[in-house]
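Pasting start.pdb here (PDB, C-alpha atoms):
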ATOM      1  CA  MET X   1       0.000   0.000   0.000
ATOM      2  CA  THR X   2       1.096   3.536  -0.713
ATOM      3  CA  ALA X   3       1.991   5.623   2.326
ATOM      4  CA  LEU X   4      -0.640   8.360   2.200
ATOM      5  CA  PRO X   5      -0.155  11.673   3.969
ATOM      6  CA  ALA X   6      -1.936  12.210   7.288
ATOM      7  CA  GLY X   7      -5.180  14.143   7.527
ATOM      8  CA  PRO X   8      -8.172  14.471   5.221
ATOM      9  CA  LEU X   9      -7.867  13.184   1.653
ATOM     10  CA  LEU X  10      -9.692  14.113  -1.533
ATOM     11  CA  PHE X  11      -9.154  11.736  -4.460
ATOM     12  CA  ASP X  12      -9.205  13.051  -8.014
ATOM     13  CA  THR X  13     -11.464  11.323 -10.531
ATOM     14  CA  GLY X  14      -8.657   9.315 -12.134
ATOM     15  CA  ILE X  15      -7.865   7.561  -8.855
ATOM     16  CA  TYR X  16     -11.446   6.325  -8.531
ATOM     17  CA  ILE X  17     -11.515   5.240 -12.180
ATOM     18  CA  ARG X  18      -8.350   3.099 -11.863
ATOM     19  CA  PHE X  19      -9.644   1.640  -8.591
ATOM     20  CA  SER X  20     -13.088   0.775  -9.996
ATOM     21  CA  ARG X  21     -11.493  -0.951 -13.002
ATOM     22  CA  GLY X  22      -9.218  -2.950 -10.712
ATOM     23  CA  GLU X  23      -6.169  -1.404 -12.397
ATOM     24  CA  ASN X  24      -4.567   0.261  -9.374
ATOM     25  CA  TYR X  25      -5.085   1.582  -5.840
ATOM     26  CA  LEU X  26      -6.788  -1.598  -4.631
ATOM     27  CA  TRP X  27      -5.810  -0.548  -1.099
ATOM     28  CA  LEU X  28      -8.688   1.959  -1.279
ATOM     29  CA  GLY X  29     -11.118  -0.875  -0.704
ATOM     30  CA  GLU X  30      -9.008  -2.635   1.914
ATOM     31  CA  ASP X  31      -8.568  -0.032   4.649
ATOM     32  CA  ALA X  32     -11.685   1.513   6.209
ATOM     33  CA  ARG X  33      -9.492   4.116   7.933
ATOM     34  CA  ILE X  34      -8.688   5.645   4.538
ATOM     35  CA  PHE X  35     -12.376   5.905   3.681
ATOM     36  CA  GLN X  36     -13.080   7.489   7.075
ATOM     37  CA  ARG X  37     -10.849  10.448   6.211
ATOM     38  CA  THR X  38     -11.772  10.784   2.535
ATOM     39  CA  ILE X  39     -13.904  13.630   1.220
ATOM     40  CA  LEU X  40     -15.831  13.145  -2.012
ATOM     41  CA  THR X  41     -16.610  16.332  -3.893
ATOM     42  CA  ALA X  42     -19.697  16.554  -6.082
ATOM     43  CA  VAL X  43     -17.401  17.594  -8.956
ATOM     44  CA  VAL X  44     -15.606  14.228  -8.879
ATOM     45  CA  ALA X  45     -18.908  12.401  -8.367
ATOM     46  CA  ALA X  46     -20.383  14.124 -11.437
ATOM     47  CA  GLU X  47     -17.374  13.118 -13.549
ATOM     48  CA  LEU X  48     -17.702   9.540 -12.296
ATOM     49  CA  TYR X  49     -21.450   9.441 -13.019
ATOM     50  CA  ALA X  50     -20.793  10.737 -16.531
ATOM     51  CA  GLY X  51     -18.452   7.802 -17.113
ATOM     52  CA  THR X  52     -20.725   5.017 -15.864
ATOM     53  CA  HIS X  53     -21.586   2.370 -18.443
ATOM     54  CA  ASP X  54     -24.476   0.490 -16.839
ATOM     55  CA  HIS X  55     -26.879   0.367 -13.893
ATOM     56  CA  ARG X  56     -24.477  -1.724 -11.806
ATOM     57  CA  GLU X  57     -21.775   0.969 -12.029
ATOM     58  CA  LYS X  58     -24.317   3.679 -11.276
ATOM     59  CA  ARG X  59     -25.612   1.809  -8.209
ATOM     60  CA  ALA X  60     -22.058   1.317  -6.926
ATOM     61  CA  LEU X  61     -21.479   5.055  -7.306
ATOM     62  CA  ASP X  62     -24.804   5.795  -5.587
ATOM     63  CA  GLU X  63     -23.590   3.714  -2.632
ATOM     64  CA  LEU X  64     -20.229   5.519  -2.558
ATOM     65  CA  CYS X  65     -21.959   8.914  -2.461
ATOM     66  CA  LYS X  66     -24.427   7.703   0.172
ATOM     67  CA  ALA X  67     -21.595   6.441   2.382
ATOM     68  CA  HIS X  68     -19.734   9.749   2.108
ATOM     69  CA  ARG X  69     -22.910  11.677   2.950
ATOM     70  CA  ALA X  70     -23.465   9.473   6.019
ATOM     71  CA  LEU X  71     -19.981  10.412   7.253
ATOM     72  CA  GLY X  72     -20.546  14.093   6.447
ATOM     73  CA  HIS X  73     -17.737  13.836   3.894
ATOM     74  CA  PHE X  74     -19.614  14.730   0.715
ATOM     75  CA  SER X  75     -18.945  18.297  -0.379
ATOM     76  CA  SER X  76     -20.119  20.602  -3.095
ATOM     77  CA  PRO X  77     -18.469  23.845  -4.177
ATOM     78  CA  PRO X  78     -20.351  26.854  -2.791
ATOM     79  CA  ALA X  79     -21.150  29.838  -5.006
ATOM     80  CA  ALA X  80     -17.970  31.621  -3.890
ATOM     81  CA  ALA X  81     -15.839  28.725  -5.165
ATOM     82  CA  TRP X  82     -17.464  28.913  -8.608
ATOM     83  CA  ILE X  83     -16.732  32.631  -8.743
ATOM     84  CA  ASP X  84     -13.158  32.109  -7.486
ATOM     85  CA  ALA X  85     -12.666  29.457 -10.171
ATOM     86  CA  GLY X  86     -13.742  31.879 -12.893
ATOM     87  CA  ILE X  87     -11.457  34.620 -11.564
ATOM     88  CA  LEU X  88      -8.492  32.245 -11.284
ATOM     89  CA  LEU X  89      -9.088  30.919 -14.806
ATOM     90  CA  ARG X  90      -9.065  34.480 -16.116
ATOM     91  CA  ARG X  91      -5.753  35.068 -14.325
ATOM     92  CA  ALA X  92      -4.342  31.832 -15.716
ATOM     93  CA  ARG X  93      -5.433  32.757 -19.240
ATOM     94  CA  SER X  94      -3.756  36.160 -18.852
ATOM     95  CA  ALA X  95      -0.553  34.506 -17.651
ATOM     96  CA  HIS X  96      -0.463  31.479 -19.978
ATOM     97  CA  GLY X  97      -2.596  32.362 -22.989
ATOM     98  CA  GLN X  98      -5.592  30.459 -24.322
ATOM     99  CA  MET X  99      -6.860  27.634 -22.094
ATOM    100  CA  ASP X 100      -9.434  24.859 -22.476
ATOM    101  CA  PHE X 101     -11.982  26.336 -20.074
ATOM    102  CA  VAL X 102     -14.131  23.212 -19.633
ATOM    103  CA  ARG X 103     -11.217  20.882 -18.860
ATOM    104  CA  HIS X 104      -9.532  23.219 -16.420
ATOM    105  CA  PHE X 105     -12.683  24.486 -14.720
ATOM    106  CA  ARG X 106     -13.484  21.107 -13.157
ATOM    107  CA  ASP X 107      -9.872  20.613 -12.032
ATOM    108  CA  LEU X 108      -9.853  24.043 -10.461
ATOM    109  CA  LEU X 109     -13.135  23.371  -8.622
ATOM    110  CA  ILE X 110     -11.648  20.112  -7.286
ATOM    111  CA  ALA X 111      -8.517  21.989  -6.169
ATOM    112  CA  LEU X 112     -10.625  24.657  -4.464
ATOM    113  CA  GLU X 113     -12.655  21.974  -2.659
ATOM    114  CA  ALA X 114      -9.481  20.267  -1.410
ATOM    115  CA  ALA X 115      -7.999  23.574  -0.235
ATOM    116  CA  GLN X 116     -11.253  24.583   1.484
ATOM    117  CA  ALA X 117     -11.403  21.247   3.342
ATOM    118  CA  GLY X 118      -7.711  21.306   4.264
ATOM    119  CA  ALA X 119      -7.437  17.960   2.477
ATOM    120  CA  THR X 120      -4.558  16.571   0.470
ATOM    121  CA  LEU X 121      -5.561  16.160  -3.174
ATOM    122  CA  VAL X 122      -4.488  12.684  -4.277
ATOM    123  CA  THR X 123      -4.051  12.722  -8.050
ATOM    124  CA  GLU X 124      -2.169  11.134 -10.918
ATOM    125  CA  ASN X 125      -2.246  14.566 -12.534
ATOM    126  CA  ALA X 126      -0.054  16.527 -10.118
ATOM    127  CA  ARG X 127       1.602  18.417 -12.962
ATOM    128  CA  ASN X 128      -1.638  20.182 -13.944
ATOM    129  CA  PHE X 129      -2.702  20.721 -10.346
ATOM    130  CA  THR X 130       0.673  22.306  -9.538
ATOM    131  CA  ARG X 131      -0.380  25.234 -11.740
ATOM    132  CA  TRP X 132      -3.546  25.678  -9.677
ATOM    133  CA  LYS X 133      -1.556  25.328  -6.472
ATOM    134  CA  SER X 134       0.470  28.430  -7.368
ATOM    135  CA  PHE X 135      -2.631  30.402  -8.384
ATOM    136  CA  LEU X 136      -4.399  29.377  -5.167
ATOM    137  CA  SER X 137      -1.417  30.422  -3.056
ATOM    138  CA  SER X 138      -1.744  33.911  -4.554
ATOM    139  CA  THR X 139      -5.196  34.035  -2.903
ATOM    140  CA  ARG X 140      -3.868  32.667   0.412
ATOM    141  CA  LYS X 141      -5.344  29.216  -0.156
ATOM    142  CA  THR X 142      -3.128  26.175   0.354
ATOM    143  CA  LEU X 143      -3.406  23.164  -1.923
ATOM    144  CA  LYS X 144      -1.592  20.047  -0.750
ATOM    145  CA  LEU X 145      -0.849  17.533  -3.510
ATOM    146  CA  PHE X 146       0.103  13.878  -3.398
ATOM    147  CA  GLU X 147       0.837  11.712  -6.429
ATOM    148  CA  PRO X 148       0.630   8.047  -5.367
ATOM    149  CA  SER X 149       2.262   6.710  -8.534
ATOM    150  CA  LYS X 150       5.439   8.547  -7.551
ATOM    151  CA  THR X 151       5.681   6.571  -4.307
ATOM    152  CA  VAL X 152       4.718   3.060  -5.438
TER
END
Rendering of file as structure tokens:
Amino acid sequence: MTALPAGPLLFDTGIYIRFSRGENYLWLGEDARIFQRTILTAVVAAELYAGTHDHREKRALDELCKAHRALGHFSSPPAAAWIDAGILLRRARSAHGQMDFVRHFRDLLIALEAAQAGATLVTENARNFTRWKSFLSSTRKTLKLFEPSKTV
């Protein structure tokens, strides 16, 4: 098992996808203590629902969301986070040029949710999230990143 950082965790969509396909991160289903400190954001849940292929996958995702709600660990970006995301995307576009708004908007909302919760964002995509980490730090928000593939 990968040595995860202490404290709350928020897994990016890709982590859940690899786990659900049995490709990687099987330890997610083996240690209840990890689940107990995991926050599921509605942004990740929406991406996962969009990728379901049948009723069985949808029901499994329904159960995951229900379990997170029961723990009080299901979050949704408040209006201020949506506005902050738009402002930060404008800043990023000014600094880096044209950006794929749709692709980056969801990532930025996930980053904002992790920062708001004080959770470590566990992602295979740390390179892209590092950009948002620097933009968030300019607004006095701290994004902690962890890339499990780098430690396996």
Which centre and which edge lengths, in Å to one decimal, describe the axis-aligned box that holds all listed atoms of segment 19-35 of chain X after 8 Å is added on each side, as JSON?
{"center_x": -8.8, "center_y": 1.5, "center_z": -2.5, "size_x": 24.5, "size_y": 24.9, "size_z": 36.9}
Item to complete: Step by step, work through what the PyMOL selection byres ((chain X and resi 119-122) around 10) selects in the shown file, and finish by giving those residues as a PyMOL selection string.
Response: chain X and resi 4-15+37-39+110-118+123-126+129+142-149
With 7 Å as the threshold, what does the neighbourhood of (-5.5, 5.4, -1.4) contain in terms of residues, counting only C-alpha atoms? Coordinates are those of the file; answer as a PDB file with C-alpha atoms, keeping the file's coordinate frame.
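And here is the file that came out, result.pdb:
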ATOM      1  CA  THR X   2       1.096   3.536  -0.713  1.00  0.00           C
ATOM      2  CA  LEU X   4      -0.640   8.360   2.200  1.00  0.00           C
ATOM      3  CA  TYR X  25      -5.085   1.582  -5.840  1.00  0.00           C
ATOM      4  CA  TRP X  27      -5.810  -0.548  -1.099  1.00  0.00           C
ATOM      5  CA  LEU X  28      -8.688   1.959  -1.279  1.00  0.00           C
ATOM      6  CA  ILE X  34      -8.688   5.645   4.538  1.00  0.00           C
TER       7      ILE X  34
END
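One finds atom CA of His104 of chain X at 12.9 Å from atom CA of Lys133 of chain X.
Between atom CA of Arg103 of chain X and atom CA of Ile17 of chain X the separation is 17.0 Å.
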Item to complete: Might you pull out every residue within 8 Å of Tyr49 of chain X, with all atoms listed in the file counted and same-chain residues fewer than 3 positions away left off, and present them as an MDAnalysis selection string?
Response: chainID X and resid 45:46 52 58 61
Discussion item. Please determine, counting only C-alpha atoms, which residue among X:Leu109, X:Ala60, X:Glu30, X:Ser94 has the shortest atom-to-atom distance to Ser76 of chain X.
Written reply: X:Leu109
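If all atoms listed in the file are the atoms counted, then among X:Arg140, X:Leu40, X:Arg21, X:Arg106 the closest residue to Gly72 of chain X is X:Leu40.
Separating atom CA of Ser75 of chain X from atom CA of Ala42 of chain X is a distance of 6.0 Å.
For the residues X:Val43, X:Ala50, X:Gly97, X:Asp62, ranking by smallest atom-to-atom distance to Trp82 of chain X using only C-alpha atoms places X:Val43 first.
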Discussion item. List the spatial neighbours of Gly86 of chain X as a ChimeraX atom specification - criterion: any atom at most 12 Å away, only C-alpha atoms, same-chain residues fewer than 2 positions off excluded.
Written reply: /X:79-84,88-93,101-102,104-109,112
